[in-house]
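Participant: Can you read through this structure? Questions will come right after.
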Amino acid sequence: MEVDVYTIPETSRLPLIDETSALGTTAPKDRLIAVLDQVEMRVERLRRDTVRIEEERDSLLSTLDSVKHSELLAEITECDKDDITRYADRILARAMTVEVAVRTDRDPQQEEALHQVNLLIDQLVVSVHEDTVIAHTRCQTYMNACTSQPDYSSGTDRNFETAILGCTLDDQKRVKKRLQGLLDYIAKMNVTTCS
């Protein structure tokens, strides 16, 4: 059995408060503020790393979904298809044991706006398997609402734009990445269907 061993590099040790007065002319308040500044930088790095891991997990789940719905399954025997499905389900169950989240504080209006955005995206995801062309176009109009340089050929969904503008900046970034992942997924589905 292989075990991952994590070591903490010397440079990543938490800052310590030096209680001695041997530091010379640095005032106690300045020393405490310096420590807090270092801790704040570490908290922000931790949030960034957690968001990256969260995105990686979502990407893995998306890949598992595409494997389970791949048209290649039609080209193999039922026995092999069952093996592939069980293998994918086992990996999915293992992936679902990983919980990673960065909490974003929201006021009631931001919660409602995020709820609206998620509802619209959930409806979009359902429509992907019904008609990928329409889903792609709608996803692009949602993406246009999230960017300062929209693709004017596909327009912008005004309802989605109103909802996304009511969200926190962190939520807007996450939604944009989620939509980009969905666009990539739809593109893969179209390539698989057309080939």
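Residue numbers start at 1 in each chain; chains themselves are named A, B, ... in the order of the structure tokens; ligands are numbered from 1 in the order shown.
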May I have all residues of stretch 1-160 of chain A that DSSP, computed from the backbone, assigns to alpha helix (DSSP H), given as an NGL selection string?
Facilitator: :A and (28-68 or 78-95 or 108-128 or 132-145 or 158-160)
Participant: Excluding same-chain residues fewer than 4 positions from stretch 43-55 of chain A, what lies within 9 Å of it counting only C-alpha atoms, as a ChimeraX atom specification?
Facilitator: /A:38-39,59-60,99-102,174,177-178
Participant: Quick check, in Å to one decimal: how far apart do atom CA of A:Leu119 and atom CA of A:Val175 lie?
Facilitator: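 Pair atom CA of A:Leu119 / atom CA of A:Val175 returns 12.0 Å.
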Participant: Would you work out the distance separating atom CA of A:Thr168 from atom CA of A:Thr104, expressed in Å to one decimal?
Facilitator: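 Calculated distance between atom CA of A:Thr168 and atom CA of A:Thr104 is 8.1 Å.
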Participant: I need the residue nearest A:Ser127 from this list: A:Ala88, A:Leu165, A:Val98, A:Ile186. Use only C-alpha atoms for the distance.
Facilitator: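 That would be A:Ile186, the residue with the smallest distance to A:Ser127.
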Participant: Which distance in Å separates atom CA of A:His69 and atom CA of A:Tyr87, to one decimal?
Facilitator: 13.7 Å
Participant: So, with only C-alpha atoms as the atoms that count, which of A:Leu72, A:Met189, A:Ile134, A:Ala113 lies closest to A:Asn159?
Facilitator: A:Ala113
Participant: Near A:Leu73, within 12 Å and counting only C-alpha atoms, which residues show up once chain neighbours fewer than 4 positions away are dropped, as a PDB file with C-alpha atoms, in the first residue's frame?
Facilitator:
```
ATOM      1  CA  SER A  66     -18.921  11.851 -20.348  1.00  0.00           C
ATOM      2  CA  VAL A  67     -17.506   8.309 -20.055  1.00  0.00           C
ATOM      3  CA  LYS A  68     -20.836   6.988 -18.754  1.00  0.00           C
ATOM      4  CA  HIS A  69     -22.691   8.638 -21.665  1.00  0.00           C
ATOM      5  CA  THR A  77     -20.217  -5.997 -25.592  1.00  0.00           C
ATOM      6  CA  GLU A  78     -22.780  -5.820 -22.788  1.00  0.00           C
ATOM      7  CA  CYS A  79     -20.326  -7.546 -20.454  1.00  0.00           C
ATOM      8  CA  ASP A  80     -17.614  -4.980 -21.197  1.00  0.00           C
ATOM      9  CA  LYS A  81     -20.161  -2.161 -20.925  1.00  0.00           C
ATOM     10  CA  ASP A  82     -21.154  -3.414 -17.463  1.00  0.00           C
ATOM     11  CA  ASP A  83     -17.469  -3.541 -16.449  1.00  0.00           C
ATOM     12  CA  ILE A  84     -16.911   0.026 -17.653  1.00  0.00           C
ATOM     13  CA  THR A  85     -20.053   1.282 -15.907  1.00  0.00           C
ATOM     14  CA  THR A 192     -18.107  12.483 -30.573  1.00  0.00           C
TER      15      THR A 192
END
```
Participant: When you count only C-alpha atoms, which of these residues is closest to A:Cys146: A:Arg158, A:Lys176, A:His129, A:Arg57?
Facilitator: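 Counting only C-alpha atoms, the residue closest to A:Cys146 is A:Lys176.
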Participant: Using only C-alpha atoms, find the one residue out of A:Leu61, A:Ala145, A:Cys139, A:Val35 that sits nearest to A:Gln180.
Facilitator: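 Among the listed residues, the smallest separation from A:Gln180 belongs to A:Cys139.
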